[in-house]
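Below: one structure, written as structure tokens.
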Amino acid sequence: MTAVEERAGQVNRARWADRELFDLEMARIFSRCWQFLAHESEIPEPGDYVLRKMGRDAVIVVRDENGDVRVLLNSCRHRGVPLCRADSGNASHFRCSYHGWTYANTGELRGVTYQRDVYGPGGIDKSRLPLYAPAQVDTVFGLVFATWDRDAEPLAEYLGDITWYLQAVFDKYPEGLEVVGTPVRNVVRANWKTEGENLSGDGYHTAITHASAFELGLFATERDLVKLADEIAPRFTGRTVCTPRGHAMRVQRLPLVLDGNHYFGYPADMWPQFDARLSAAQARLMSALSVGHGSIFPNMSFIENFKTNVDGPDLHARYVRITIRYPIDATTSEELWLYLCPRGADSDWARLSRLAYLRTNGPSGLFEVDDTENFVGISEASRGDVARGLPVVLDGGRHHAPTPPEVGWPGDVVDGDRTERTIRCFHRRWDELMADPGEAGR
Amino acid sequence: MTSTAPARKAVVDAATAFEIQDFLYLEAELLDERCYAEWVNLVDDDFTYQVPTPRTPDSPYKPHWDDRSLLIDESKWSLMSQWFRRFDADIYETAWGENPPVRFRHVLSNVRVHRLIAPAAYEVRSNVVLIATRQSDAPRYLSGRRTDQLIRGDNGFLLTRRRVVLDQVLLDFPQLRIML
């Protein structure tokens, strides 16, 4: 039993501010877990690369000349100088600025300058010195993941039941999704876990933190709902999914009584495409979606969100966003924001979808401004010498009823929109990994 | 290169240059004082405000921003009904991120009429430093290059377009909901 189950409500605040715990997280979580790096659409052509991080290590995510996605530690084998200084670009080779060692975009060391002069008549065995690389790299629905752990279970097992939900979000478009442009990057003075906990399924904070958004018409109200369906249900309903590796999701449905699937927020000509690509149960997940968001352990989150009146009355749209939090220290993170648009989408709708994103859950969106104050505040208040030893309360939703199995959603699924079970799911996994010294301790 | 070199010869007379500069100083002051109701009177109904995403490119011949992805994309309507509305007395208490408000200070320099778009329509470039102070935190700043478009209307100048390219890539600022 982990701390989360055994001592309900006994997760201490040090978890969001403590330096030693942070260092242990780097060793026991970020050195082991599969981590999301990039979307394949960011590197469509051979040589295309983006610079990303695994924990605090910078890695190059590059498509090699054979079209395979490679992940390479951005540090020369010789003296450790970074090979890439740009956020993105295209290169068949990476050349070090210090002594000129040159690598193919597969990571293979190709050239060592003045080799015989420096290393003797036999030169140096270049085959032993490719760029360091994660032990495993894999891709699902265009999402590129990697892990340093050669003993890690395959990605498909790591993701488990959450894969079915990722498919519903990311794989329902006939021509796929593409990341639009360079991701925004910013520093958030909060622990790296906080936003992921929120996005794992905190439907409890919405009405309070985002109260102003109701006033501004950005949540569907009766005024909007009566135009979407003949009959309105009494309330928004929600459901959460938890999985053993700490991945979780929340799905909230618009309170509408409907026949068939209605993918509000998308152009009507996309609706039959979704019906064709989704299973019946996945289609019910996506139909009349108000919001769906989840977190993939440890530091990636996704959201598909229906936002109303974003560029004037009755102008509604859905959008898909990925965020990543890179740990910097116990109370500082770097955040990356990826906005994704279906390839070939109608340009007017694509613009509206982008505005729906930017004005609500984009880096300058009003939801984010309100959320961020909470996330930053947690780390500020948890630094105190008394506060750090005090527990938080995470017991919400323990009494909620399991979703009937005939609904057909995989994983541990429970009906109830205001819950803390997805946060417990995250911390259960955190407890397991933090308690396991791994190779080093055996 | 990504920008055209500035012309050596002034494109407007000294009096017009002064009027434009004074207009931009007033506009910045209204933002700093959170006089949003007055500020909106200085922008055209079709006003757009865009900030592209800053980036470190892989070549000095490429821009250090990406126009495909935006950090901010607002209109007069969205600023009035979504952005400034949150500071109104009836809802500010639950617009948590603005309460207490981050204190912003615009420092504007190198104001220069870059070109004449049409008679009485100007493109004006300037450097902007935005300083933000949140609660008890130390101030943080962002710098950027503004490209504004202005028209002279019956009641003075109106901003028709503002576009700001930022210098910082990993943005370290209290919030990114910012009027640069």
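By convention here, the chains of the structure tokens are called A, B, ... in the order presented, each chain's residues are numbered starting at 1, and ligands are numbered starting at 1 in the order presented.
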Excluding segment 56-69 of chain B and any residue of its chain fewer than 4 positions from it, enumerate the residues within 12 Å of it, using only C-alpha atoms, and give them as a PyMOL selection string. (chain A and resi 48-51+83-91+94+178-185+337-341+351+354-355+357-358+362-363) or (chain B and resi 1-3+50-52+73+144-145+163-170)
Taking the DSSP assignment computed from this structure's backbone, write out as an MDAnalysis selection string all residues of segment 29-128 of chain B that belong to strand (DSSP E or B). chainID B and resid 43:54 65:75 103:118 121:128
Contacts from chain B to chain A, 8 Å maximum, only C-alpha atoms: show me the residue list as a PDB file with C-alpha atoms, in the first residue's frame.
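The result, written out as out-v3.pdb:
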```pdb
ATOM      1  CA  THR B  53       5.673  32.956 -30.859  1.00  0.00           C
ATOM      2  CA  PRO B  54       9.321  33.807 -30.206  1.00  0.00           C
ATOM      3  CA  ARG B  55      11.895  31.160 -31.064  1.00  0.00           C
ATOM      4  CA  THR B  56      15.603  30.606 -31.555  1.00  0.00           C
ATOM      5  CA  PRO B  57      15.914  29.893 -35.299  1.00  0.00           C
ATOM      6  CA  ASP B  58      18.602  27.732 -36.879  1.00  0.00           C
ATOM      7  CA  ASP B  66       7.088  32.147 -35.861  1.00  0.00           C
ATOM      8  CA  ASP B  67       4.034  33.683 -37.516  1.00  0.00           C
ATOM      9  CA  ARG B  68       2.322  30.296 -37.839  1.00  0.00           C
ATOM     10  CA  SER B  69       1.809  30.056 -34.113  1.00  0.00           C
ATOM     11  CA  LEU B  71       1.011  33.778 -28.361  1.00  0.00           C
ATOM     12  CA  ILE B  72      -1.741  36.409 -28.501  1.00  0.00           C
ATOM     13  CA  ASP B  73      -4.463  37.057 -31.095  1.00  0.00           C
ATOM     14  CA  GLU B  74      -7.090  39.570 -29.990  1.00  0.00           C
ATOM     15  CA  TRP B  77     -14.308  42.909 -29.354  1.00  0.00           C
ATOM     16  CA  SER B  78     -12.343  40.220 -27.488  1.00  0.00           C
ATOM     17  CA  SER B  81     -15.706  41.596 -23.739  1.00  0.00           C
ATOM     18  CA  GLN B  82     -13.182  39.042 -22.459  1.00  0.00           C
ATOM     19  CA  TRP B  83      -9.985  40.779 -21.414  1.00  0.00           C
ATOM     20  CA  ARG B  85     -14.283  42.906 -18.694  1.00  0.00           C
ATOM     21  CA  ARG B  86     -12.523  40.894 -15.977  1.00  0.00           C
ATOM     22  CA  ILE B  91     -16.690  40.342 -11.474  1.00  0.00           C
ATOM     23  CA  TYR B  92     -13.109  41.233 -10.576  1.00  0.00           C
ATOM     24  CA  THR B  94     -13.576  36.010  -9.138  1.00  0.00           C
ATOM     25  CA  ALA B  95     -11.169  36.925 -11.948  1.00  0.00           C
ATOM     26  CA  TRP B  96      -8.544  35.440  -9.668  1.00  0.00           C
ATOM     27  CA  GLY B  97      -5.537  35.892 -11.941  1.00  0.00           C
ATOM     28  CA  GLU B  98      -6.124  39.666 -12.105  1.00  0.00           C
ATOM     29  CA  VAL B 169      12.129  32.824 -26.046  1.00  0.00           C
ATOM     30  CA  LEU B 170      11.663  31.051 -22.720  1.00  0.00           C
ATOM     31  CA  LEU B 171       9.210  33.634 -21.401  1.00  0.00           C
ATOM     32  CA  ASP B 172       9.779  34.344 -17.720  1.00  0.00           C
ATOM     33  CA  PHE B 173       6.974  36.669 -16.719  1.00  0.00           C
ATOM     34  CA  GLN B 175       1.559  36.112 -16.656  1.00  0.00           C
ATOM     35  CA  LEU B 176       1.400  36.098 -20.441  1.00  0.00           C
ATOM     36  CA  ARG B 177      -1.926  37.910 -20.698  1.00  0.00           C
ATOM     37  CA  ILE B 178      -0.086  41.078 -21.575  1.00  0.00           C
TER      38      ILE B 178
END
```
Which residues come within 9 Å of Arg134 of chain B, counting only C-alpha atoms, excluding same-chain residues fewer than 6 positions away, as a PyMOL selection string? chain B and resi 100-104+140+174-175
Write the residues of the selection above to a file with C-alpha atoms, as a PDB file, in the first residue's frame.
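Writing done, so here's out35.pdb:
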```
ATOM      1  CA  PRO B 100      -4.622  41.582  -7.131  1.00  0.00           C
ATOM      2  CA  PRO B 101      -3.632  42.876 -10.560  1.00  0.00           C
ATOM      3  CA  VAL B 102      -0.068  42.517 -11.795  1.00  0.00           C
ATOM      4  CA  ARG B 103       1.393  46.031 -12.019  1.00  0.00           C
ATOM      5  CA  PHE B 104       2.540  46.792 -15.557  1.00  0.00           C
ATOM      6  CA  ARG B 140      10.411  41.020 -14.387  1.00  0.00           C
ATOM      7  CA  PRO B 174       4.253  36.615 -14.026  1.00  0.00           C
ATOM      8  CA  GLN B 175       1.559  36.112 -16.656  1.00  0.00           C
TER       9      GLN B 175
END
```
Could you tell me, as a count of residues only, which residues of segment 198-430 of chain A DSSP assigns to helix (DSSP H, G or I) when given the backbone? 82
Between A:Asn191, A:Asn105, A:Ser279, A:Gln35, which has the minimum distance to Ile60 of chain A (counting only C-alpha atoms)?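 Selected residue with least distance to Ile60 of chain A: A:Asn105.
With only C-alpha atoms taken into account, the protein and nucleic acid residues at most 9 Å from Phe157 of chain B (excluding it and anything under 6 positions from it in its own chain) are Glu19, Ile20, Phe23, Leu42, Val43, Leu150 and Ile151 of chain B.
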Keeping only N, CA and C atoms, write the selected residues as a tab-separated table (two decimals), in the first residue's frame.
```
chain	number	residue	atom	x	y	z
B	19	GLU	N	3.19	64.39	-32.67
B	19	GLU	CA	1.80	64.02	-32.34
B	19	GLU	C	1.66	62.50	-32.19
B	20	ILE	N	2.30	61.77	-33.07
B	20	ILE	CA	2.21	60.30	-33.04
B	20	ILE	C	2.89	59.77	-31.78
B	23	PHE	N	0.75	60.44	-28.85
B	23	PHE	CA	-0.39	59.51	-28.85
B	23	PHE	C	0.02	58.17	-28.24
B	42	LEU	N	-9.15	54.63	-28.22
B	42	LEU	CA	-7.98	54.94	-29.06
B	42	LEU	C	-7.76	53.89	-30.15
B	43	VAL	N	-8.63	52.88	-30.21
B	43	VAL	CA	-8.42	51.85	-31.24
B	43	VAL	C	-9.63	51.77	-32.16
B	150	LEU	N	-1.56	53.17	-37.58
B	150	LEU	CA	-2.44	54.22	-37.06
B	150	LEU	C	-3.11	54.94	-38.22
B	151	ILE	N	-4.31	55.39	-37.96
B	151	ILE	CA	-4.94	56.32	-38.91
B	151	ILE	C	-5.31	57.59	-38.15
```
Pick out the residues sitting within 8 Å of Leu225 of chain A, and hand them over as a list of chain:residue names; count only C-alpha atoms, and ignore anything fewer than 4 positions along from it in its own chain.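 Here the answer would be A:Ala220, A:Thr221, A:Ala229, A:Ile232, A:Pro255, A:Leu256.
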Could you pull the residues within 12 Å of Gly260 of chain A, counting only C-alpha atoms, minus those fewer than 3 positions along the same chain, as a short mmCIF file (atom, residue, chain, number, x, y, z; two decimals) with N, CA and C atoms, in the first residue's frame?
```cif
data_model
loop_
_atom_site.label_atom_id
_atom_site.label_comp_id
_atom_site.auth_asym_id
_atom_site.auth_seq_id
_atom_site.Cartn_x
_atom_site.Cartn_y
_atom_site.Cartn_z
N ALA A 229 -29.67 21.68 -29.01
CA ALA A 229 -30.54 20.50 -28.93
C ALA A 229 -31.93 20.94 -28.50
N LEU A 256 -27.22 17.74 -22.68
CA LEU A 256 -28.15 17.74 -23.81
C LEU A 256 -28.75 16.35 -23.98
N VAL A 257 -29.99 16.31 -24.38
CA VAL A 257 -30.63 15.03 -24.72
C VAL A 257 -30.60 14.93 -26.24
N TYR A 263 -20.85 16.13 -32.77
CA TYR A 263 -19.52 16.60 -32.39
C TYR A 263 -19.49 18.12 -32.46
N TRP A 271 -18.13 15.40 -38.98
CA TRP A 271 -18.81 14.49 -38.07
C TRP A 271 -18.84 13.04 -38.58
N PRO A 272 -19.23 12.82 -39.87
CA PRO A 272 -19.23 11.41 -40.36
C PRO A 272 -17.84 10.80 -40.37
N ASP A 275 -17.36 9.47 -36.95
CA ASP A 275 -18.16 8.25 -36.79
C ASP A 275 -17.46 7.05 -37.41
N ALA A 280 -18.01 2.64 -31.41
CA ALA A 280 -19.28 3.20 -30.91
C ALA A 280 -19.07 3.83 -29.53
N ALA A 281 -18.29 3.17 -28.67
CA ALA A 281 -18.09 3.69 -27.31
C ALA A 281 -17.21 4.94 -27.34
N ALA A 283 -17.09 7.02 -29.83
CA ALA A 283 -17.93 8.08 -30.41
C ALA A 283 -18.80 8.70 -29.33
N ARG A 284 -19.30 7.88 -28.40
CA ARG A 284 -20.12 8.43 -27.31
C ARG A 284 -19.26 9.31 -26.38
N MET A 286 -16.82 11.17 -27.41
CA MET A 286 -16.52 12.42 -28.11
C MET A 286 -17.77 13.23 -28.47
N SER A 287 -18.93 12.59 -28.47
CA SER A 287 -20.16 13.29 -28.83
C SER A 287 -20.60 14.20 -27.69
N ALA A 288 -21.02 15.41 -28.05
CA ALA A 288 -21.49 16.39 -27.06
C ALA A 288 -20.46 16.61 -25.95
#
```
Need the shell around Ala135 of chain A: protein/DNA/RNA residues with any atom at most 6 Å away, counting only C-alpha atoms. Skip same-chain ones fewer than 2 positions apart. Format as an mmCIF file with C-alpha atoms, in the first residue's frame?
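See selection07.cif below for the written result:
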```cif
data_model
loop_
_atom_site.group_PDB
_atom_site.id
_atom_site.type_symbol
_atom_site.label_atom_id
_atom_site.label_comp_id
_atom_site.auth_asym_id
_atom_site.auth_seq_id
_atom_site.Cartn_x
_atom_site.Cartn_y
_atom_site.Cartn_z
ATOM 1 C CA TRP A 148 16.221 5.993 -20.677
ATOM 2 C CA ASP A 149 15.307 2.650 -19.075
ATOM 3 C CA ARG A 150 16.192 -0.343 -21.226
#
```
Interatomic distance (Å, one decimal) between atom CA of Tyr98 of chain A and atom CA of Met54 of chain A: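 Interatomic distance, atom CA of Tyr98 of chain A to atom CA of Met54 of chain A: 24.1 Å.
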Selected residue, from B:Ala5, B:Asp45, B:Arg152, B:Ser75, that lies nearest to Ala118 of chain B when counting only C-alpha atoms: B:Arg152
As a check of understanding: the span from atom CA of Pro6 of chain B to atom CA of Arg115 of chain B is 9.1 Å
